[in-house]
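So this one's model.pdb, PDB, C-alpha atoms:
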ATOM      1  CA  THR M   1      -8.327  -3.146   2.131  1.00  0.00           C
ATOM      2  CA  TRP M   2      -9.579  -2.343   5.626  1.00  0.00           C
ATOM      3  CA  ASN M   3     -10.987   1.179   5.463  1.00  0.00           C
ATOM      4  CA  HIS M   4     -11.379   4.240   3.263  1.00  0.00           C
ATOM      5  CA  GLU M   5      -7.988   5.680   4.161  1.00  0.00           C
ATOM      6  CA  HIS M   6      -6.228   2.475   3.149  1.00  0.00           C
ATOM      7  CA  ILE M   7      -8.087   2.363  -0.179  1.00  0.00           C
ATOM      8  CA  ALA M   8      -7.116   6.007  -0.733  1.00  0.00           C
ATOM      9  CA  ASN M   9      -3.475   5.290   0.065  1.00  0.00           C
ATOM     10  CA  LEU M  10      -3.402   2.475  -2.484  1.00  0.00           C
ATOM     11  CA  ALA M  11      -4.999   4.831  -5.000  1.00  0.00           C
ATOM     12  CA  ARG M  12      -2.368   7.485  -4.261  1.00  0.00           C
ATOM     13  CA  THR M  13       0.347   4.883  -4.776  1.00  0.00           C
ATOM     14  CA  MET M  14      -0.994   3.610  -8.093  1.00  0.00           C
ATOM     15  CA  THR M  15      -1.447   7.150  -9.455  1.00  0.00           C
ATOM     16  CA  ALA M  16       2.028   8.250  -8.334  1.00  0.00           C
ATOM     17  CA  THR M  17       5.074   8.049 -10.583  1.00  0.00           C
ATOM     18  CA  GLU M  18       6.594   4.606 -11.056  1.00  0.00           C
ATOM     19  CA  GLU M  19       9.663   5.421  -8.969  1.00  0.00           C
ATOM     20  CA  LYS M  20       7.708   6.855  -6.027  1.00  0.00           C
ATOM     21  CA  ALA M  21       5.133   4.063  -6.170  1.00  0.00           C
ATOM     22  CA  HIS M  22       7.789   1.349  -6.104  1.00  0.00           C
ATOM     23  CA  ARG M  23       9.365   2.818  -2.975  1.00  0.00           C
ATOM     24  CA  VAL M  24       6.034   2.226  -1.211  1.00  0.00           C
ATOM     25  CA  ILE M  25       4.845  -1.003  -2.841  1.00  0.00           C
ATOM     26  CA  ARG M  26       8.055  -2.893  -2.012  1.00  0.00           C
ATOM     27  CA  HIS M  27       6.975  -2.629   1.649  1.00  0.00           C
ATOM     28  CA  LEU M  28       3.402  -3.812   1.002  1.00  0.00           C
ATOM     29  CA  ALA M  29       3.257  -6.559  -1.616  1.00  0.00           C
ATOM     30  CA  ASP M  30       5.073  -9.224  -3.611  1.00  0.00           C
ATOM     31  CA  TYR M  31       2.910  -8.815  -6.716  1.00  0.00           C
ATOM     32  CA  VAL M  32       0.674  -6.245  -8.404  1.00  0.00           C
ATOM     33  CA  LEU M  33      -2.336  -7.368 -10.476  1.00  0.00           C
ATOM     34  CA  VAL M  34      -4.065  -5.028 -12.917  1.00  0.00           C
ATOM     35  CA  TRP M  35      -7.030  -5.351 -15.254  1.00  0.00           C
ATOM     36  CA  SER M  36      -6.257  -4.234 -18.801  1.00  0.00           C
ATOM     37  CA  GLY M  37      -7.503  -4.680 -22.349  1.00  0.00           C
ATOM     38  CA  GLY M  38     -10.077  -1.882 -22.478  1.00  0.00           C
ATOM     39  CA  GLY M  39     -13.695  -1.824 -21.393  1.00  0.00           C
ATOM     40  CA  ALA M  40     -14.056  -1.616 -17.627  1.00  0.00           C
ATOM     41  CA  ASP M  41     -10.338  -2.063 -17.013  1.00  0.00           C
ATOM     42  CA  ASP M  42      -8.236  -0.183 -14.451  1.00  0.00           C
ATOM     43  CA  MET M  43      -7.587   2.649 -16.900  1.00  0.00           C
ATOM     44  CA  ALA M  44     -11.328   3.239 -17.108  1.00  0.00           C
ATOM     45  CA  LYS M  45     -11.432   3.414 -13.313  1.00  0.00           C
ATOM     46  CA  SER M  46      -8.386   5.685 -13.086  1.00  0.00           C
ATOM     47  CA  PRO M  47     -10.294   8.991 -12.626  1.00  0.00           C
ATOM     48  CA  HIS M  48     -12.138   7.408  -9.710  1.00  0.00           C
ATOM     49  CA  LEU M  49      -8.836   6.208  -8.210  1.00  0.00           C
ATOM     50  CA  PHE M  50      -7.372   9.685  -8.560  1.00  0.00           C
ATOM     51  CA  ARG M  51     -10.418  11.221  -6.869  1.00  0.00           C
ATOM     52  CA  ILE M  52     -10.269   8.745  -3.959  1.00  0.00           C
ATOM     53  CA  GLY M  53      -6.559   9.412  -3.527  1.00  0.00           C
ATOM     54  CA  LYS M  54      -7.207  13.136  -3.295  1.00  0.00           C
ATOM     55  CA  SER M  55      -9.737  12.594  -0.501  1.00  0.00           C
ATOM     56  CA  ILE M  56      -7.089  12.197   2.223  1.00  0.00           C
ATOM     57  CA  GLY M  57      -3.899  13.981   3.220  1.00  0.00           C
ATOM     58  CA  HIS M  58      -2.802  17.582   3.084  1.00  0.00           C
ATOM     59  CA  ASP M  59      -4.326  18.186  -0.344  1.00  0.00           C
ATOM     60  CA  THR M  60      -7.812  16.944   0.437  1.00  0.00           C
ATOM     61  CA  GLY M  61     -10.921  18.526  -0.951  1.00  0.00           C
ATOM     62  CA  THR M  62     -13.635  18.080  -3.511  1.00  0.00           C
ATOM     63  CA  VAL M  63     -12.255  17.393  -6.980  1.00  0.00           C
ATOM     64  CA  ASP M  64     -14.715  17.634  -9.857  1.00  0.00           C
ATOM     65  CA  MET M  65     -14.499  15.173 -12.737  1.00  0.00           C
ATOM     66  CA  HIS M  66     -13.576  17.871 -15.263  1.00  0.00           C
ATOM     67  CA  GLU M  67     -10.537  18.800 -13.198  1.00  0.00           C
ATOM     68  CA  ILE M  68      -9.592  15.140 -12.880  1.00  0.00           C
ATOM     69  CA  GLN M  69      -9.838  14.530 -16.629  1.00  0.00           C
ATOM     70  CA  SER M  70      -7.708  17.594 -17.341  1.00  0.00           C
ATOM     71  CA  LYS M  71      -5.009  16.467 -14.891  1.00  0.00           C
ATOM     72  CA  PHE M  72      -5.205  12.688 -14.864  1.00  0.00           C
ATOM     73  CA  GLY M  73      -6.824  11.179 -17.942  1.00  0.00           C
ATOM     74  CA  VAL M  74      -6.618  10.627 -21.676  1.00  0.00           C
ATOM     75  CA  ASP M  75      -8.010  12.713 -24.504  1.00  0.00           C
ATOM     76  CA  GLN M  76     -10.367  11.601 -27.280  1.00  0.00           C
ATOM     77  CA  TYR M  77      -7.389  10.243 -29.223  1.00  0.00           C
ATOM     78  CA  GLY M  78      -6.178   8.137 -26.329  1.00  0.00           C
ATOM     79  CA  ARG M  79      -3.256  10.412 -25.495  1.00  0.00           C
ATOM     80  CA  PRO M  80      -2.521  10.571 -21.757  1.00  0.00           C
ATOM     81  CA  THR M  81      -1.996  13.763 -19.791  1.00  0.00           C
ATOM     82  CA  PRO M  82       1.578  14.156 -18.461  1.00  0.00           C
ATOM     83  CA  LEU M  83       0.490  13.134 -14.964  1.00  0.00           C
ATOM     84  CA  MET M  84      -1.235  10.032 -16.307  1.00  0.00           C
ATOM     85  CA  ALA M  85       1.681   9.071 -18.564  1.00  0.00           C
ATOM     86  CA  GLN M  86       4.091   9.119 -15.622  1.00  0.00           C
ATOM     87  CA  SER M  87       1.834   7.118 -13.299  1.00  0.00           C
ATOM     88  CA  LEU M  88       2.482   3.540 -12.317  1.00  0.00           C
ATOM     89  CA  LEU M  89      -1.109   2.659 -13.202  1.00  0.00           C
ATOM     90  CA  TYR M  90      -0.723   3.766 -16.818  1.00  0.00           C
ATOM     91  CA  LYS M  91       2.615   2.001 -17.223  1.00  0.00           C
ATOM     92  CA  LEU M  92       1.252  -1.280 -15.846  1.00  0.00           C
ATOM     93  CA  VAL M  93      -2.073  -1.273 -17.697  1.00  0.00           C
ATOM     94  CA  SER M  94      -1.474   0.461 -21.014  1.00  0.00           C
ATOM     95  CA  PHE M  95       0.487  -1.360 -23.707  1.00  0.00           C
ATOM     96  CA  GLN M  96       1.773   2.069 -24.721  1.00  0.00           C
ATOM     97  CA  GLY M  97       3.559   2.328 -21.391  1.00  0.00           C
ATOM     98  CA  SER M  98       6.286   0.220 -19.804  1.00  0.00           C
ATOM     99  CA  VAL M  99       7.910  -0.183 -16.408  1.00  0.00           C
ATOM    100  CA  SER M 100      11.536  -0.563 -15.449  1.00  0.00           C
ATOM    101  CA  ALA M 101      12.658  -4.182 -15.030  1.00  0.00           C
ATOM    102  CA  GLU M 102      14.592  -2.982 -11.985  1.00  0.00           C
ATOM    103  CA  ARG M 103      11.276  -2.313 -10.224  1.00  0.00           C
ATOM    104  CA  PHE M 104       8.590  -4.558 -11.732  1.00  0.00           C
ATOM    105  CA  GLU M 105       8.794  -7.807 -13.674  1.00  0.00           C
ATOM    106  CA  GLU M 106       5.802  -8.863 -15.757  1.00  0.00           C
ATOM    107  CA  VAL M 107       5.234 -12.536 -14.926  1.00  0.00           C
ATOM    108  CA  TYR M 108       1.802 -13.190 -16.421  1.00  0.00           C
ATOM    109  CA  THR M 109      -0.477 -11.844 -19.145  1.00  0.00           C
ATOM    110  CA  SER M 110      -3.747 -13.612 -19.861  1.00  0.00           C
ATOM    111  CA  ARG M 111      -4.636 -14.832 -23.346  1.00  0.00           C
ATOM    112  CA  TYR M 112      -6.724 -11.814 -24.265  1.00  0.00           C
ATOM    113  CA  ARG M 113      -4.599  -9.412 -22.217  1.00  0.00           C
ATOM    114  CA  LYS M 114      -7.328  -8.762 -19.681  1.00  0.00           C
ATOM    115  CA  VAL M 115      -5.135  -9.576 -16.698  1.00  0.00           C
ATOM    116  CA  ARG M 116      -1.509  -8.645 -16.142  1.00  0.00           C
ATOM    117  CA  ILE M 117       0.533  -9.596 -13.078  1.00  0.00           C
ATOM    118  CA  TYR M 118       3.837  -8.016 -12.125  1.00  0.00           C
ATOM    119  CA  LYS M 119       6.348  -9.229  -9.560  1.00  0.00           C
ATOM    120  CA  VAL M 120       7.665  -6.477  -7.319  1.00  0.00           C
ATOM    121  CA  VAL M 121      11.456  -6.379  -7.530  1.00  0.00           C
ATOM    122  CA  ASN M 122      13.516  -5.823  -4.376  1.00  0.00           C
ATOM    123  CA  VAL M 123      10.720  -6.457  -1.873  1.00  0.00           C
ATOM    124  CA  SER M 124      11.624  -5.373   1.645  1.00  0.00           C
ATOM    125  CA  GLU M 125      12.107  -8.584   3.600  1.00  0.00           C
ATOM    126  CA  LYS M 126      12.179  -6.607   6.851  1.00  0.00           C
ATOM    127  CA  SER M 127       8.716  -5.138   6.199  1.00  0.00           C
ATOM    128  CA  LYS M 128       7.487  -8.540   5.038  1.00  0.00           C
ATOM    129  CA  ARG M 129       8.572 -10.151   8.328  1.00  0.00           C
ATOM    130  CA  TRP M 130       7.001  -7.305  10.281  1.00  0.00           C
ATOM    131  CA  ALA M 131       3.668  -7.716   8.512  1.00  0.00           C
ATOM    132  CA  ALA M 132       3.716 -11.492   9.069  1.00  0.00           C
ATOM    133  CA  ASP M 133       4.339 -11.164  12.821  1.00  0.00           C
ATOM    134  CA  PRO M 134       1.035 -11.765  14.689  1.00  0.00           C
ATOM    135  CA  ALA M 135       2.177  -9.301  17.363  1.00  0.00           C
ATOM    136  CA  ASN M 136       1.739  -6.485  14.840  1.00  0.00           C
ATOM    137  CA  ARG M 137      -1.909  -7.263  14.069  1.00  0.00           C
ATOM    138  CA  LEU M 138      -4.571  -5.024  15.584  1.00  0.00           C
ATOM    139  CA  CYS M 139      -6.966  -7.778  16.676  1.00  0.00           C
ATOM    140  CA  ASP M 140      -9.569  -7.221  19.371  1.00  0.00           C
ATOM    141  CA  ALA M 141      -8.912 -10.715  20.764  1.00  0.00           C
ATOM    142  CA  PRO M 142      -6.569 -13.640  20.033  1.00  0.00           C
ATOM    143  CA  GLY M 143      -7.757 -15.503  16.949  1.00  0.00           C
ATOM    144  CA  SER M 144     -10.363 -12.856  16.155  1.00  0.00           C
ATOM    145  CA  TRP M 145     -11.482 -12.114  12.607  1.00  0.00           C
ATOM    146  CA  TYR M 146     -11.492  -8.401  13.422  1.00  0.00           C
ATOM    147  CA  CYS M 147      -7.923  -7.397  12.666  1.00  0.00           C
ATOM    148  CA  PRO M 148      -7.700  -3.986  10.951  1.00  0.00           C
ATOM    149  CA  GLY M 149      -4.343  -3.587   9.291  1.00  0.00           C
ATOM    150  CA  GLN M 150      -1.470  -1.242   9.916  1.00  0.00           C
ATOM    151  CA  TYR M 151       1.570  -0.319   7.859  1.00  0.00           C
ATOM    152  CA  PRO M 152       5.173  -1.450   8.368  1.00  0.00           C
ATOM    153  CA  PRO M 153       7.228   1.236  10.174  1.00  0.00           C
ATOM    154  CA  ALA M 154       9.370   1.760   7.063  1.00  0.00           C
ATOM    155  CA  LEU M 155       6.451   3.525   5.361  1.00  0.00           C
ATOM    156  CA  ALA M 156       6.403   6.317   7.938  1.00  0.00           C
ATOM    157  CA  LYS M 157       8.938   8.301   5.895  1.00  0.00           C
ATOM    158  CA  PHE M 158       6.802   8.341   2.737  1.00  0.00           C
ATOM    159  CA  THR M 159       4.457  11.093   3.863  1.00  0.00           C
ATOM    160  CA  GLY M 160       4.108  12.431   0.328  1.00  0.00           C
ATOM    161  CA  ILE M 161       2.086   9.356  -0.634  1.00  0.00           C
ATOM    162  CA  ILE M 162       1.051   7.377   2.435  1.00  0.00           C
ATOM    163  CA  LYS M 163      -1.231   9.186   4.873  1.00  0.00           C
ATOM    164  CA  PRO M 164      -2.359   7.908   8.302  1.00  0.00           C
ATOM    165  CA  ALA M 165      -4.774   5.105   7.503  1.00  0.00           C
ATOM    166  CA  TYR M 166      -5.731   3.805  10.888  1.00  0.00           C
ATOM    167  CA  THR M 167      -5.857   4.985  14.492  1.00  0.00           C
ATOM    168  CA  MET M 168      -4.928   2.272  16.938  1.00  0.00           C
ATOM    169  CA  PRO M 169      -8.108   1.276  18.799  1.00  0.00           C
ATOM    170  CA  ALA M 170      -8.156   1.710  22.579  1.00  0.00           C
ATOM    171  CA  PHE M 171      -8.450  -2.037  23.224  1.00  0.00           C
ATOM    172  CA  HIS M 172      -5.303  -2.757  21.216  1.00  0.00           C
ATOM    173  CA  ARG M 173      -3.374   0.109  22.790  1.00  0.00           C
ATOM    174  CA  LYS M 174      -4.223  -1.339  26.211  1.00  0.00           C
ATOM    175  CA  GLN M 175      -3.132  -4.825  25.098  1.00  0.00           C
ATOM    176  CA  GLN M 176       0.118  -3.422  23.744  1.00  0.00           C
ATOM    177  CA  GLU M 177       0.833  -1.512  26.949  1.00  0.00           C
ATOM    178  CA  GLU M 178       0.126  -4.633  29.008  1.00  0.00           C
ATOM    179  CA  ARG M 179       2.398  -6.735  26.789  1.00  0.00           C
ATOM    180  CA  GLU M 180       5.213  -4.189  27.094  1.00  0.00           C
ATOM    181  CA  LYS M 181       4.755  -4.137  30.875  1.00  0.00           C
ATOM    182  CA  GLN M 182       4.978  -7.943  31.040  1.00  0.00           C
ATOM    183  CA  GLU M 183       8.096  -7.917  28.860  1.00  0.00           C
ATOM    184  CA  GLN M 184       9.733  -5.381  31.175  1.00  0.00           C
ATOM    185  CA  LEU M 185       8.869  -7.474  34.235  1.00  0.00           C
ATOM    186  CA  GLU M 186      10.258 -10.604  32.560  1.00  0.00           C
ATOM    187  CA  ALA M 187      13.460  -8.788  31.587  1.00  0.00           C
ATOM    188  CA  GLN M 188      13.886  -7.573  35.181  1.00  0.00           C
ATOM    189  CA  ARG M 189      13.235 -11.075  36.553  1.00  0.00           C
ATOM    190  CA  MET M 190      15.906 -12.559  34.287  1.00  0.00           C
ATOM    191  CA  ALA M 191      18.348  -9.797  35.225  1.00  0.00           C
ATOM    192  CA  ASP M 192      17.747 -10.495  38.939  1.00  0.00           C
ATOM    193  CA  GLN M 193      18.288 -14.219  38.415  1.00  0.00           C
ATOM    194  CA  ALA M 194      21.529 -13.569  36.555  1.00  0.00           C
ATOM    195  CA  ALA M 195      22.747 -11.240  39.322  1.00  0.00           C
ATOM    196  CA  ALA M 196      21.850 -13.795  41.998  1.00  0.00           C
ATOM    197  CA  ALA M 197      23.661 -16.584  40.109  1.00  0.00           C
ATOM    198  CA  ALA M 198      26.755 -14.410  39.729  1.00  0.00           C
ATOM    199  CA  ALA M 199      26.795 -13.593  43.445  1.00  0.00           C
ATOM    200  CA  ALA M 200      26.418 -17.253  44.498  1.00  0.00           C
TER     201      ALA M 200
END
As a first step, turn the structure in this file into structure tokens.
Amino acid sequence: TWNHEHIANLARTMTATEEKAHRVIRHLADYVLVWSGGGADDMAKSPHLFRIGKSIGHDTGTVDMHEIQSKFGVDQYGRPTPLMAQSLLYKLVSFQGSVSAERFEEVYTSRYRKVRIYKVVNVSEKSKRWAADPANRLCDAPGSWYCPGQYPPALAKFTGIIKPAYTMPAFHRKQQEEREKQEQLEAQRMADQAAAAAAA
């Protein structure tokens, strides 16, 4: 994770319904790892995730813990609220929940069920290639360690979950503009060469 907004977007995704979450995750990851088995597992952290997710987007604002527990939590008998029961987080972590094999495939569960790993089904290869392309990294210099992330373009349509997580820094915007200018000049040069060769 590269900043608060990105952490919040991941939290919004994990606390969304399985179907909505999968639409987003297939553009971001090949696998999802969760901590389960009770204690300080991801279910125990779920109210905190819900609160972080509510801190960005159109529905931002202070959310008190009582409100969170009443909307996204479990009661003293371990029964989840409707919002919790429908969430991807609950279905991945709780052994009372289950996910569709058309979206997530469980590929590993540790001996004492503390760790569970799911393979994301139908990963977007287009978004995967985009993320792997160095030209799409927001680095302040070639080879730099400072490369804040950005999302694949395909996620732009999921405004109900994903909120703007990063503003392109001025240095990268300038680099991008310069690169586009050079590409235009190169395209014009090649077009001129082709025209000259055709006229010869």
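With the shown file loaded, the PyMOL selection byres ((chain M and resi 95-105) around 7) picks out His22, Tyr90, Lys91, Leu92, Val93, Ser94, Glu106, Val107, Tyr118, Lys119, Val120 and Val121 of chain M.
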Legend entry - Given all atoms listed in the file as the counted atoms, nearest of M:Tyr112, M:Pro153, M:Ala11, M:Lys71 to M:Lys45: M:Ala11
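Of the residues under consideration (M:Asn122, M:Gln150, M:Gln69, M:Ser55), M:Gln150 shows the shortest atom-to-atom contact distance to M:Ala135 when counting only C-alpha atoms.
The environment of M:Phe158 within 12 Å, counting all atoms listed in the file and disregarding residues fewer than 4 places along the same chain, consists of Asn9, Arg12, Thr13, Lys20, Ala21, His22, Arg23, Val24, Ile25, His27, Tyr151, Pro152, Pro153, Ala154, Ile162, Lys163 and Pro164 of chain M.
One distance worth recording is that between atom CA of M:Lys126 and atom CA of M:Gly149, which is 17.0 Å.
Between atom CA of M:Arg111 and atom CA of M:Ser87 lies a distance of 25.0 Å.
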